[in-house]
>>> print(open('query_30.tsv').read())   # TSV, C-alpha atoms
chain	number	residue	atom	x	y	z
O	1	MET	CA	0.00	0.00	0.00
O	2	THR	CA	1.22	3.48	-0.80
O	3	ASP	CA	1.12	6.48	1.49
O	4	ASP	CA	-1.64	7.87	-0.73
O	5	GLN	CA	-3.80	4.84	-0.02
O	6	ILE	CA	-3.04	4.83	3.68
O	7	ILE	CA	-3.92	8.49	3.97
O	8	ALA	CA	-7.06	8.11	1.88
O	9	TYR	CA	-8.13	5.25	4.14
O	10	VAL	CA	-7.47	7.27	7.29
O	11	ASP	CA	-9.44	10.18	5.83
O	12	GLY	CA	-12.38	7.97	4.95
O	13	GLU	CA	-11.90	8.66	1.26
O	14	LEU	CA	-11.75	5.08	0.00
O	15	GLY	CA	-14.87	3.59	-1.49
O	16	PRO	CA	-16.49	0.73	0.44
O	17	ILE	CA	-14.87	-2.02	-1.62
O	18	ASP	CA	-11.43	-0.45	-1.52
O	19	ALA	CA	-11.81	0.14	2.20
O	20	LEU	CA	-12.66	-3.49	2.76
O	21	ARG	CA	-9.69	-4.58	0.68
O	22	PHE	CA	-7.50	-2.21	2.66
O	23	GLU	CA	-8.72	-3.59	5.96
O	24	ARG	CA	-7.98	-7.12	4.84
O	25	ALA	CA	-4.47	-6.10	3.92
O	26	MET	CA	-4.11	-4.34	7.25
O	27	ALA	CA	-5.18	-7.43	9.17
O	28	ALA	CA	-2.36	-9.36	7.54
O	29	ASP	CA	0.29	-6.67	7.82
O	30	ALA	CA	1.29	-5.24	11.17
O	31	SER	CA	3.46	-2.54	9.65
O	32	LEU	CA	0.51	-1.30	7.59
O	33	ALA	CA	-1.65	-1.24	10.71
O	34	ASP	CA	1.08	0.72	12.42
O	35	ALA	CA	1.25	3.23	9.57
O	36	VAL	CA	-2.50	3.71	9.82
O	37	ARG	CA	-2.20	4.28	13.54
O	38	ARG	CA	0.49	6.92	13.02
O	39	HIS	CA	-1.47	8.72	10.34
O	40	ARG	CA	-4.59	8.67	12.46
O	41	ALA	CA	-2.62	10.08	15.35
O	42	LEU	CA	-1.22	12.82	13.12
O	43	ARG	CA	-4.64	13.76	11.88
O	44	ALA	CA	-6.00	13.85	15.42
O	45	ARG	CA	-3.06	15.88	16.58
O	46	ILE	CA	-3.26	18.54	13.87
O	47	GLY	CA	-7.02	18.79	14.17
O	48	GLY	CA	-6.84	18.81	17.94
O	49	HIS	CA	-4.24	21.54	17.97
O	50	PHE	CA	-6.55	24.04	16.29
O	51	ALA	CA	-9.83	22.75	17.69
O	52	PRO	CA	-9.82	25.01	20.77
O	53	VAL	CA	-10.01	28.09	18.54
O	54	VAL	CA	-13.73	27.53	17.98
O	55	GLU	CA	-14.29	27.62	21.73
O	56	GLU	CA	-12.64	31.01	22.10
O	57	PRO	CA	-14.91	34.00	22.45
O	58	VAL	CA	-15.18	35.80	19.14
O	59	PRO	CA	-13.44	39.19	19.34
O	60	ALA	CA	-15.97	41.98	19.66
O	61	ARG	CA	-14.56	43.83	16.65
O	62	LEU	CA	-15.38	40.88	14.40
O	63	ALA	CA	-18.80	40.20	15.87
O	64	ALA	CA	-19.65	43.90	15.63
O	65	MET	CA	-19.07	43.83	11.87
O	66	LEU	CA	-22.00	41.47	11.58
O	67	ASN	CA	-24.21	42.67	14.38
O	68	PRO	CA	-23.29	46.21	15.40
O	69	SER	CA	-26.20	46.57	17.82
O	70	ALA	CA	-25.54	43.48	19.89
O	71	ASN	CA	-23.52	43.45	23.02
O	72	VAL	CA	-23.87	39.77	23.81
O	73	VAL	CA	-22.72	38.17	20.62
O	74	ALA	CA	-19.20	37.38	21.67
O	75	PHE	CA	-19.81	33.74	22.39
O	76	PRO	CA	-18.17	30.61	21.13
O	77	PRO	CA	-20.20	28.49	18.75
O	78	ARG	CA	-21.37	25.92	21.21
O	79	THR	CA	-23.61	28.63	22.50
O	80	ARG	CA	-25.60	28.99	19.32
O	81	ARG	CA	-28.65	28.27	21.43
O	82	TRP	CA	-28.01	31.60	23.00
O	83	PHE	CA	-28.88	33.34	19.83
O	84	ASP	CA	-31.95	31.20	19.47
O	85	SER	CA	-32.89	32.10	22.98
O	86	GLY	CA	-32.32	35.72	22.16
O	87	ARG	CA	-34.69	35.52	19.26
O	88	ARG	CA	-37.25	33.91	21.45
O	89	TYR	CA	-36.99	36.55	24.09
O	90	ALA	CA	-37.04	39.30	21.56
O	91	ALA	CA	-40.25	37.89	20.22
O	92	ILE	CA	-42.10	38.40	23.44
O	93	ALA	CA	-44.32	41.28	22.51
O	94	ALA	CA	-45.00	44.23	24.73
O	95	THR	CA	-42.66	42.99	27.35
O	96	LEU	CA	-41.21	45.04	30.10
O	97	VAL	CA	-37.80	44.40	31.41
O	98	ILE	CA	-36.87	45.16	34.92
O	99	GLY	CA	-33.44	44.75	36.34
O	100	LEU	CA	-34.50	44.68	39.93
O	101	VAL	CA	-38.06	43.56	39.90
O	102	VAL	CA	-40.45	45.76	41.76
O	103	GLY	CA	-43.17	43.95	43.66
O	104	GLN	CA	-46.19	45.54	42.12
O	105	MET	CA	-45.05	44.70	38.63
O	106	LEU	CA	-45.20	40.99	39.17
O	107	PRO	CA	-48.03	38.83	37.98
O	108	HIS	CA	-50.47	38.65	40.85
O	109	GLY	CA	-51.96	35.85	42.85
O	110	SER	CA	-50.52	33.35	45.27
O	111	ALA	CA	-50.53	30.76	42.51
O	112	GLY	CA	-48.45	33.06	40.30
O	113	PRO	CA	-45.04	32.01	39.03
O	114	VAL	CA	-43.08	34.52	41.05
O	115	GLY	CA	-43.09	35.07	44.76
O	116	GLU	CA	-40.96	36.70	47.38
O	117	ARG	CA	-39.08	35.11	50.20
O	118	ASN	CA	-36.85	36.98	52.59
O	119	GLY	CA	-36.54	39.84	50.19
O	120	VAL	CA	-35.55	37.79	47.16
O	121	LEU	CA	-37.72	36.77	44.25
O	122	VAL	CA	-38.33	33.09	43.86
O	123	ALA	CA	-39.96	30.90	41.25
O	124	ARG	CA	-43.21	29.21	42.22
O	125	GLY	CA	-45.76	26.88	40.80
O	126	ALA	CA	-45.44	26.05	37.15
O	127	LEU	CA	-42.28	28.09	36.73
O	128	ALA	CA	-40.54	26.32	39.61
O	129	ASP	CA	-41.66	22.97	38.24
O	130	ALA	CA	-40.38	23.85	34.79
O	131	LEU	CA	-37.01	25.01	36.12
O	132	ASP	CA	-36.76	21.78	38.06
O	133	GLY	CA	-37.82	19.43	35.33
O	134	GLU	CA	-37.72	20.85	31.81
O	135	LEU	CA	-34.86	20.33	29.41
O	136	ALA	CA	-33.91	22.85	26.75
O	137	SER	CA	-33.50	20.01	24.32
O	138	MET	CA	-37.05	18.75	24.88
O	139	PRO	CA	-39.34	21.77	25.07
O	140	ARG	CA	-42.97	21.14	25.88
O	141	ALA	CA	-45.68	22.99	24.06
O	142	GLY	CA	-47.40	25.72	26.01
O	143	GLY	CA	-45.23	25.75	29.10
O	144	TYR	CA	-41.99	27.41	29.99
O	145	ARG	CA	-39.10	26.94	27.63
O	146	MET	CA	-35.63	26.61	28.99
O	147	GLY	CA	-32.88	28.55	27.28
O	148	VAL	CA	-29.38	27.99	28.50
O	149	SER	CA	-28.25	26.31	31.72
O	150	PHE	CA	-24.90	26.94	33.31
O	151	VAL	CA	-22.90	26.87	36.51
O	152	SER	CA	-22.50	30.29	38.09
O	153	ARG	CA	-19.25	31.57	39.50
O	154	ASP	CA	-20.60	30.97	43.00
O	155	ARG	CA	-21.26	27.33	42.08
O	156	HIS	CA	-24.98	27.21	41.59
O	157	TYR	CA	-26.91	25.93	38.64
O	158	CYS	CA	-28.67	28.73	36.79
O	159	ARG	CA	-31.08	28.65	33.86
O	160	THR	CA	-32.68	31.13	31.53
O	161	PHE	CA	-36.30	30.61	30.63
O	162	SER	CA	-39.25	32.12	28.84
O	163	GLY	CA	-42.91	31.40	29.12
O	164	PRO	CA	-46.41	32.71	29.61
O	165	ALA	CA	-45.70	35.04	32.53
O	166	GLY	CA	-42.36	36.28	31.33
O	167	ALA	CA	-38.74	35.42	30.79
O	168	GLY	CA	-35.80	35.47	33.10
O	169	LEU	CA	-32.87	33.86	34.78
O	170	GLY	CA	-33.12	31.66	37.86
O	171	CYS	CA	-30.47	30.09	40.05
O	172	ARG	CA	-30.98	27.05	42.23
O	173	GLY	CA	-30.34	27.45	45.92
O	174	SER	CA	-31.10	25.06	48.73
O	175	GLU	CA	-34.65	26.38	48.93
O	176	GLY	CA	-35.56	26.54	45.31
O	177	TRP	CA	-35.03	28.89	42.40
O	178	THR	CA	-34.04	32.47	43.08
O	179	LEU	CA	-34.81	34.77	40.18
O	180	GLU	CA	-31.84	36.91	39.30
O	181	ARG	CA	-33.68	38.54	36.42
O	182	PHE	CA	-37.30	38.52	35.46
O	183	VAL	CA	-38.95	40.04	32.44
O	184	ALA	CA	-42.65	40.24	33.04
O	185	GLY	CA	-45.02	39.35	30.24
O	186	ASP	CA	-48.23	41.11	29.24
O	187	GLY	CA	-49.74	41.01	32.69
O	188	ALA	CA	-47.51	43.75	33.95
O	189	ALA	CA	-47.75	46.09	30.99
O	190	GLY	CA	-48.23	49.69	31.83
O	191	ARG	CA	-47.50	49.49	35.50
O	192	GLY	CA	-44.60	51.20	37.14
O	193	ALA	CA	-41.21	52.02	35.79
O	194	TYR	CA	-40.01	49.87	32.97
O	195	ARG	CA	-37.66	49.57	30.11
O	196	GLN	CA	-38.70	48.54	26.68
O	197	ALA	CA	-38.81	44.96	25.57
O	198	GLY	CA	-36.07	45.16	22.98
O	199	SER	CA	-33.39	45.04	25.59
O	200	ALA	CA	-34.90	42.02	27.33
O	201	SER	CA	-32.77	39.36	25.74
O	202	ALA	CA	-29.61	41.41	26.07
O	203	GLU	CA	-30.42	42.07	29.71
O	204	ILE	CA	-30.95	38.41	30.52
O	205	LEU	CA	-28.19	37.01	28.38
O	206	GLY	CA	-25.79	39.70	29.52
O	207	ALA	CA	-26.55	38.86	33.14
O	208	ALA	CA	-26.10	35.18	32.42
O	209	GLN	CA	-22.82	35.85	30.68
O	210	ASP	CA	-21.53	37.82	33.64
O	211	MET	CA	-22.50	35.09	36.08
O	212	MET	CA	-21.31	32.10	34.11
O	213	ALA	CA	-18.25	30.09	35.05
O	214	GLY	CA	-17.02	28.26	31.96
O	215	ASP	CA	-19.27	27.11	29.18
O	216	PRO	CA	-23.01	26.56	29.23
O	217	LEU	CA	-24.13	23.00	29.89
O	218	ASP	CA	-24.65	20.84	26.86
O	219	ALA	CA	-27.72	18.62	26.57
O	220	ALA	CA	-26.17	15.69	28.43
O	221	GLU	CA	-24.83	17.88	31.22
O	222	GLU	CA	-28.19	19.58	31.55
O	223	ARG	CA	-29.91	16.24	31.90
O	224	ARG	CA	-27.42	15.04	34.48
O	225	ALA	CA	-27.84	18.23	36.48
O	226	ARG	CA	-31.61	17.89	36.41
O	227	ASP	CA	-31.52	14.26	37.39
O	228	GLY	CA	-29.28	15.23	40.27
O	229	GLY	CA	-31.85	17.74	41.49
O	230	TRP	CA	-29.72	20.75	40.51
O	231	ARG	CA	-27.66	20.32	43.63
O	232	ALA	CA	-24.73	22.71	43.68
O	233	PRO	CA	-21.94	21.16	41.60
A	1	MET	CA	-29.22	41.68	11.42
A	2	THR	CA	-29.80	39.95	8.12
A	3	GLU	CA	-29.96	36.22	7.63
A	4	PHE	CA	-26.66	36.44	5.81
A	5	GLU	CA	-24.98	38.25	8.68
A	6	ARG	CA	-26.37	35.81	11.18
A	7	ALA	CA	-25.09	32.88	9.17
A	8	LEU	CA	-21.65	34.48	9.02
A	9	LEU	CA	-21.73	35.10	12.75
A	10	ASP	CA	-22.51	31.44	13.35
A	11	LEU	CA	-19.62	30.48	11.09
A	12	LEU	CA	-17.16	32.91	12.59
A	13	PRO	CA	-15.58	30.55	15.13
A	14	ARG	CA	-14.78	28.06	12.37
A	15	LEU	CA	-13.51	30.79	10.12
A	16	ARG	CA	-11.19	31.93	12.88
A	17	ARG	CA	-9.92	28.38	13.24
A	18	PHE	CA	-9.20	28.14	9.54
A	19	ALA	CA	-7.48	31.53	9.60
A	20	ARG	CA	-5.38	30.41	12.54
A	21	ALA	CA	-4.25	27.31	10.71
A	22	LEU	CA	-3.26	29.42	7.70
A	23	THR	CA	-1.54	32.28	9.51
A	24	LEU	CA	-0.38	30.41	12.62
A	25	ASP	CA	-0.70	33.67	14.48
A	26	HIS	CA	-3.46	34.87	16.75
A	27	ALA	CA	-3.52	38.52	15.66
A	28	ASP	CA	-2.90	37.78	11.98
A	29	ALA	CA	-5.79	35.34	12.01
A	30	ASP	CA	-8.25	37.88	13.34
A	31	ASP	CA	-6.99	40.57	10.98
A	32	LEU	CA	-7.45	38.11	8.17
A	33	CYS	CA	-10.99	37.33	9.30
A	34	GLN	CA	-11.74	41.04	9.40
A	35	THR	CA	-10.49	41.59	5.86
A	36	ALA	CA	-12.39	38.54	4.65
A	37	LEU	CA	-15.61	39.61	6.34
A	38	GLU	CA	-15.35	43.05	4.78
A	39	ARG	CA	-14.92	41.43	1.40
A	40	ALA	CA	-17.79	39.01	2.04
A	41	LEU	CA	-20.20	41.71	3.12
A	42	LYS	CA	-19.45	43.68	-0.02
A	43	ALA	CA	-19.78	40.58	-2.18
A	44	GLU	CA	-22.94	39.18	-0.61
A	45	SER	CA	-24.75	39.26	-3.95
A	46	SER	CA	-22.18	36.90	-5.45
A	47	TRP	CA	-22.93	34.21	-2.90
A	48	GLU	CA	-25.41	31.80	-4.38
A	49	LYS	CA	-28.17	31.26	-1.88
A	50	GLY	CA	-28.47	27.63	-0.93
A	51	SER	CA	-24.84	26.92	-1.71
A	52	ARG	CA	-22.40	26.33	1.10
A	53	LEU	CA	-21.51	29.52	2.86
A	54	ASP	CA	-18.62	27.91	4.69
A	55	SER	CA	-16.85	26.92	1.47
A	56	TRP	CA	-17.49	30.37	0.03
A	57	MET	CA	-15.96	31.98	3.11
A	58	TYR	CA	-12.98	29.61	3.25
A	59	ARG	CA	-12.24	30.59	-0.31
A	60	ILE	CA	-12.42	34.30	0.50
A	61	ILE	CA	-10.18	33.86	3.53
A	62	ARG	CA	-7.69	31.88	1.53
A	63	ASN	CA	-7.61	34.50	-1.24
A	64	CYS	CA	-7.22	37.32	1.26
A	65	TRP	CA	-4.31	35.47	2.84
A	66	ILE	CA	-2.59	35.00	-0.50
A	67	ASP	CA	-2.95	38.74	-1.10
A	68	GLU	CA	-1.53	39.49	2.32
A	69	VAL	CA	1.43	37.17	1.89
A	70	ARG	CA	2.22	38.75	-1.48
A	71	ALA	CA	1.98	42.23	-0.01
A	72	ARG	CA	4.33	41.29	2.80
A	73	LYS	CA	6.74	39.79	0.39
A	74	ARG	CA	6.76	42.99	-1.66
A	75	ARG	CA	7.32	45.05	1.46
A	76	SER	CA	10.14	42.85	2.64
A	77	GLU	CA	11.79	42.93	-0.78
A	78	THR	CA	11.65	46.69	-0.73
A	79	PHE	CA	13.51	47.02	2.50
A	80	VAL	CA	15.67	44.00	3.06
A	81	ALA	CA	17.02	41.09	1.18
A	82	GLU	CA	14.30	38.61	0.56
A	83	GLU	CA	16.12	35.86	2.31
A	84	ALA	CA	16.18	37.80	5.54
A	85	GLY	CA	12.69	39.15	5.34
A	86	ALA	CA	10.68	36.29	3.99
A	87	SER	CA	9.19	35.05	7.19
A	88	VAL	CA	5.97	34.06	5.54
A	89	GLY	CA	5.73	31.20	3.14
A	90	HIS	CA	8.29	29.16	1.32
A	91	ALA	CA	9.03	28.31	-2.24
A	92	ASP	CA	7.26	25.22	-3.40
A	93	ASP	CA	10.40	23.23	-3.88
A	94	ARG	CA	12.07	24.27	-0.71
A	95	ARG	CA	13.34	21.35	1.27
A	96	ILE	CA	12.40	21.19	4.85
A	97	GLU	CA	15.64	21.67	6.64
A	98	ALA	CA	14.69	23.42	9.78
A	99	ARG	CA	14.70	21.32	12.84
A	100	VAL	CA	11.30	21.61	14.35
A	101	GLU	CA	11.05	21.26	18.02
A	102	LEU	CA	9.33	17.98	18.61
A	103	GLY	CA	5.73	18.49	19.47
A	104	ASN	CA	5.39	21.94	18.06
A	105	VAL	CA	2.51	21.77	15.63
A	106	ASP	CA	2.58	25.47	14.82
A	107	ARG	CA	6.22	25.39	13.83
A	108	ALA	CA	5.78	22.28	11.80
A	109	MET	CA	2.84	23.84	9.97
A	110	ALA	CA	4.89	26.99	9.40
A	111	GLU	CA	7.52	24.94	7.62
A	112	LEU	CA	5.05	23.69	5.05
A	113	PRO	CA	4.80	25.49	1.73
A	114	PRO	CA	1.58	27.54	1.74
A	115	GLU	CA	-0.12	25.38	-0.85
A	116	GLN	CA	0.38	22.31	1.32
A	117	ARG	CA	-0.60	24.14	4.45
A	118	GLU	CA	-3.92	25.30	3.05
A	119	VAL	CA	-4.81	21.77	1.99
A	120	ILE	CA	-3.89	20.46	5.44
A	121	ALA	CA	-5.96	23.24	7.02
A	122	LEU	CA	-9.02	22.47	4.92
A	123	ILE	CA	-8.91	18.71	5.27
A	124	LEU	CA	-7.30	17.98	8.63
A	125	VAL	CA	-8.41	21.04	10.55
A	126	GLU	CA	-11.73	21.91	8.92
A	127	GLY	CA	-12.64	18.35	8.03
A	128	LEU	CA	-13.49	18.91	4.36
A	129	ALA	CA	-13.66	15.98	1.98
A	130	TYR	CA	-11.03	15.86	-0.76
A	131	LYS	CA	-13.61	16.73	-3.37
A	132	GLU	CA	-14.84	19.73	-1.42
A	133	ALA	CA	-11.30	21.00	-0.97
A	134	ALA	CA	-10.55	20.51	-4.66
A	135	GLU	CA	-13.65	22.47	-5.69
A	136	LEU	CA	-12.90	25.23	-3.25
A	137	LEU	CA	-9.33	25.57	-4.48
A	138	ASP	CA	-10.24	25.11	-8.14
A	139	LEU	CA	-7.73	22.30	-8.39
A	140	PRO	CA	-7.88	18.77	-9.76
A	141	MET	CA	-8.34	16.10	-7.11
A	142	GLY	CA	-4.93	14.63	-7.91
A	143	THR	CA	-3.20	17.92	-7.12
A	144	VAL	CA	-5.01	18.22	-3.82
A	145	THR	CA	-4.21	14.68	-2.78
A	146	SER	CA	-0.56	14.95	-3.76
A	147	ARG	CA	-0.20	18.18	-1.74
A	148	LEU	CA	-2.00	16.53	1.12
A	149	VAL	CA	0.26	13.50	1.05
A	150	ARG	CA	3.44	15.55	0.81
A	151	GLY	CA	2.25	17.85	3.60
A	152	ARG	CA	1.33	14.89	5.77
A	153	GLN	CA	4.67	13.21	5.19
A	154	ALA	CA	6.53	16.39	6.07
A	155	LEU	CA	4.51	16.89	9.23
A	156	MET	CA	5.07	13.29	10.21
A	157	GLU	CA	8.77	13.74	9.73
A	158	MET	CA	8.90	16.94	11.73
A	159	LEU	CA	6.60	15.92	14.53
A	160	GLY	CA	8.19	12.56	14.85
A	161	GLU	CA	7.02	9.13	15.66
A	162	ALA	CA	5.02	10.46	18.54
A	163	ALA	CA	2.71	12.37	16.20
>>> encode(input="query_30.tsv", output="C-alpha cells")
Amino acid sequence: MTDDQIIAYVDGELGPIDALRFERAMAADASLADAVRRHRALRARIGGHFAPVVEEPVPARLAAMLNPSANVVAFPPRTRRWFDSGRRYAAIAATLVIGLVVGQMLPHGSAGPVGERNGVLVARGALADALDGELASMPRAGGYRMGVSFVSRDRHYCRTFSGPAGAGLGCRGSEGWTLERFVAGDGAAGRGAYRQAGSASAEILGAAQDMMAGDPLDAAEERRARDGGWRAP
Amino acid sequence: MTEFERALLDLLPRLRRFARALTLDHADADDLCQTALERALKAESSWEKGSRLDSWMYRIIRNCWIDEVRARKRRSETFVAEEAGASVGHADDRRIEARVELGNVDRAMAELPPEQREVIALILVEGLAYKEAAELLDLPMGTVTSRLVRGRQALMEMLGEAA
C-alpha cells in the first residue's frame, strides 16, 4: 500500500470495496496497521491543535461587523442556542424588562409564578416545576421553555427561561429557584417604571454571561444536572 | 441583522480556526478574518443562496491570505534582502531543513509550503472531503491529494514518531 492509499483510508476517502480490501491487507500486515495508527494520530493531533479556537470568544470587533447593535454576541459556537434564545426573548411582545423587579409589577396571585421570600424573588408553581424538570432540548408545548443552563461563578446551577408570565434567569439554591432577572409578560404592561422589551434578551443574556463560570451545559450535562436535582456542583 | 450576517456570525468561530491554521498567528488570524468579512459583506450578492456559505468563506479567507502574503513579500523585498525578510511562506520546492522542536505543531505547519498548508488546514483542521477541498481551491483532485500527502509526510517527519 502506498502512502496515498493509507492516507485516503485514514481520511475515509476510499470507497467501500477499496476500504474493505485495505482492511484485509491491514489485518495481515502489522506494519501497515502501524502506519494507519500513526497517520490517524497525526490527523488527530493537527485537528486537535486548532480545535480550541472555535471555543474562544469571538473578538468583539469581528462580531460587531455582523451585528453592530448586539452586546452579547461574543460567544463561542457551542452557545448557538443563546442566539436562538435571544430571538425567542425578543419575540415576546410588549414585554417590560426590569433589572431589579419591583413587587407591584409581578403577575399577581398566590398561585403566580413569582413570589418573594426573605426579600428575594423566587420561582413558584409552574415556573418552579419547569425550572426543576424541563430540558432545553425537549421543550414542551405551552409551558416554559428553557434557554441555557450553566454553573455560576458561586457554584450554583442557573437557567434562563421564557414562558407565559415572562422570561428570566433563575439560580438554584437550597430552597428553590431564586430569580436573578425577570422580564414580566403582558400582565404587567403599563405598571410602574419599565424599560422597553427590545433590551430584554440582552439584559438576561448579559446577566447570564456575567455570572457564568465556563461554558453553558450541553444537553447531556443539563440532563445530568436535572436528574441530580440541581444540587450545587 | 440579516440572515446572511447571522449565518456568518454562526460560522465565525470556524472561520477563525481556519485563519489560525493558515496564519499560525493569533492577531494575523483575526486581521485576516476582518479583511475577509469586509470582502464578504461587499460581495454578498455573489454568494449563491443555498450553496455552502462555509466553502465560500474559506475561499475568500484563503484568497485574502494570499494577497496578504504577497503584499508582505513585496514590502520585505523593498527594504531588506528577501532571504532575511521572507518570514511568511516558502518556495514550493524548498526542502524542509529546519529542525522543528518535537511536538510543536505550529512550527511544523509553518515549515510547510503555503499550498500544502492550506490543503492540510481544509482537510485535517476543517474536516473537508477531498472533493470539497478541490472544488474550493479550483484544483484537480490529484493535485489536492498529492499536496496533502506531501504535507502529511513532512509533518510526520517533523513531529516525529510520537505524532
>>> atom_distance(input="query_30.tsv", atom1="CA of Glu222 (chain O)", atom2="CA of Pro59 (chain O)")
27.4 Å
>>> atom_distance(input="query_30.tsv", atom1="CA of Met146 (chain O)", atom2="CA of Leu12 (chain A)")
25.5 Å
>>> interface_residues(input="query_30.tsv", of="chain O", to="chain A", cutoff="7 Å", atoms="only C-alpha atoms", output="number ranges by chain")
O: 4, 38, 41-43, 45-47, 50, 53-54, 58, 62-63, 66-67, 76-77
>>> write_last_selection(input="query_30.tsv", atoms="C-alpha atoms", output="PDB file, keeping the file's coordinate frame")
ATOM      1  CA  ASP O   4      -1.640   7.870  -0.730  1.00  0.00           C
ATOM      2  CA  ARG O  38       0.490   6.920  13.020  1.00  0.00           C
ATOM      3  CA  ALA O  41      -2.620  10.080  15.350  1.00  0.00           C
ATOM      4  CA  LEU O  42      -1.220  12.820  13.120  1.00  0.00           C
ATOM      5  CA  ARG O  43      -4.640  13.760  11.880  1.00  0.00           C
ATOM      6  CA  ARG O  45      -3.060  15.880  16.580  1.00  0.00           C
ATOM      7  CA  ILE O  46      -3.260  18.540  13.870  1.00  0.00           C
ATOM      8  CA  GLY O  47      -7.020  18.790  14.170  1.00  0.00           C
ATOM      9  CA  PHE O  50      -6.550  24.040  16.290  1.00  0.00           C
ATOM     10  CA  VAL O  53     -10.010  28.090  18.540  1.00  0.00           C
ATOM     11  CA  VAL O  54     -13.730  27.530  17.980  1.00  0.00           C
ATOM     12  CA  VAL O  58     -15.180  35.800  19.140  1.00  0.00           C
ATOM     13  CA  LEU O  62     -15.380  40.880  14.400  1.00  0.00           C
ATOM     14  CA  ALA O  63     -18.800  40.200  15.870  1.00  0.00           C
ATOM     15  CA  LEU O  66     -22.000  41.470  11.580  1.00  0.00           C
ATOM     16  CA  ASN O  67     -24.210  42.670  14.380  1.00  0.00           C
ATOM     17  CA  PRO O  76     -18.170  30.610  21.130  1.00  0.00           C
ATOM     18  CA  PRO O  77     -20.200  28.490  18.750  1.00  0.00           C
TER      19      PRO O  77
END
>>> axis_aligned_box(input="query_30.tsv", around="region 1-10 of chain A", padding_each_side="4 Å", output="lines of an AutoDock Vina configuration file")
center_x = -25.8
center_y = 36.6
center_z = 9.6
size_x = 16.3
size_y = 18.2
size_z = 15.5
>>> atom_distance(input="query_30.tsv", atom1="CA of Arg61 (chain O)", atom2="CA of Trp47 (chain A)")
23.3 Å
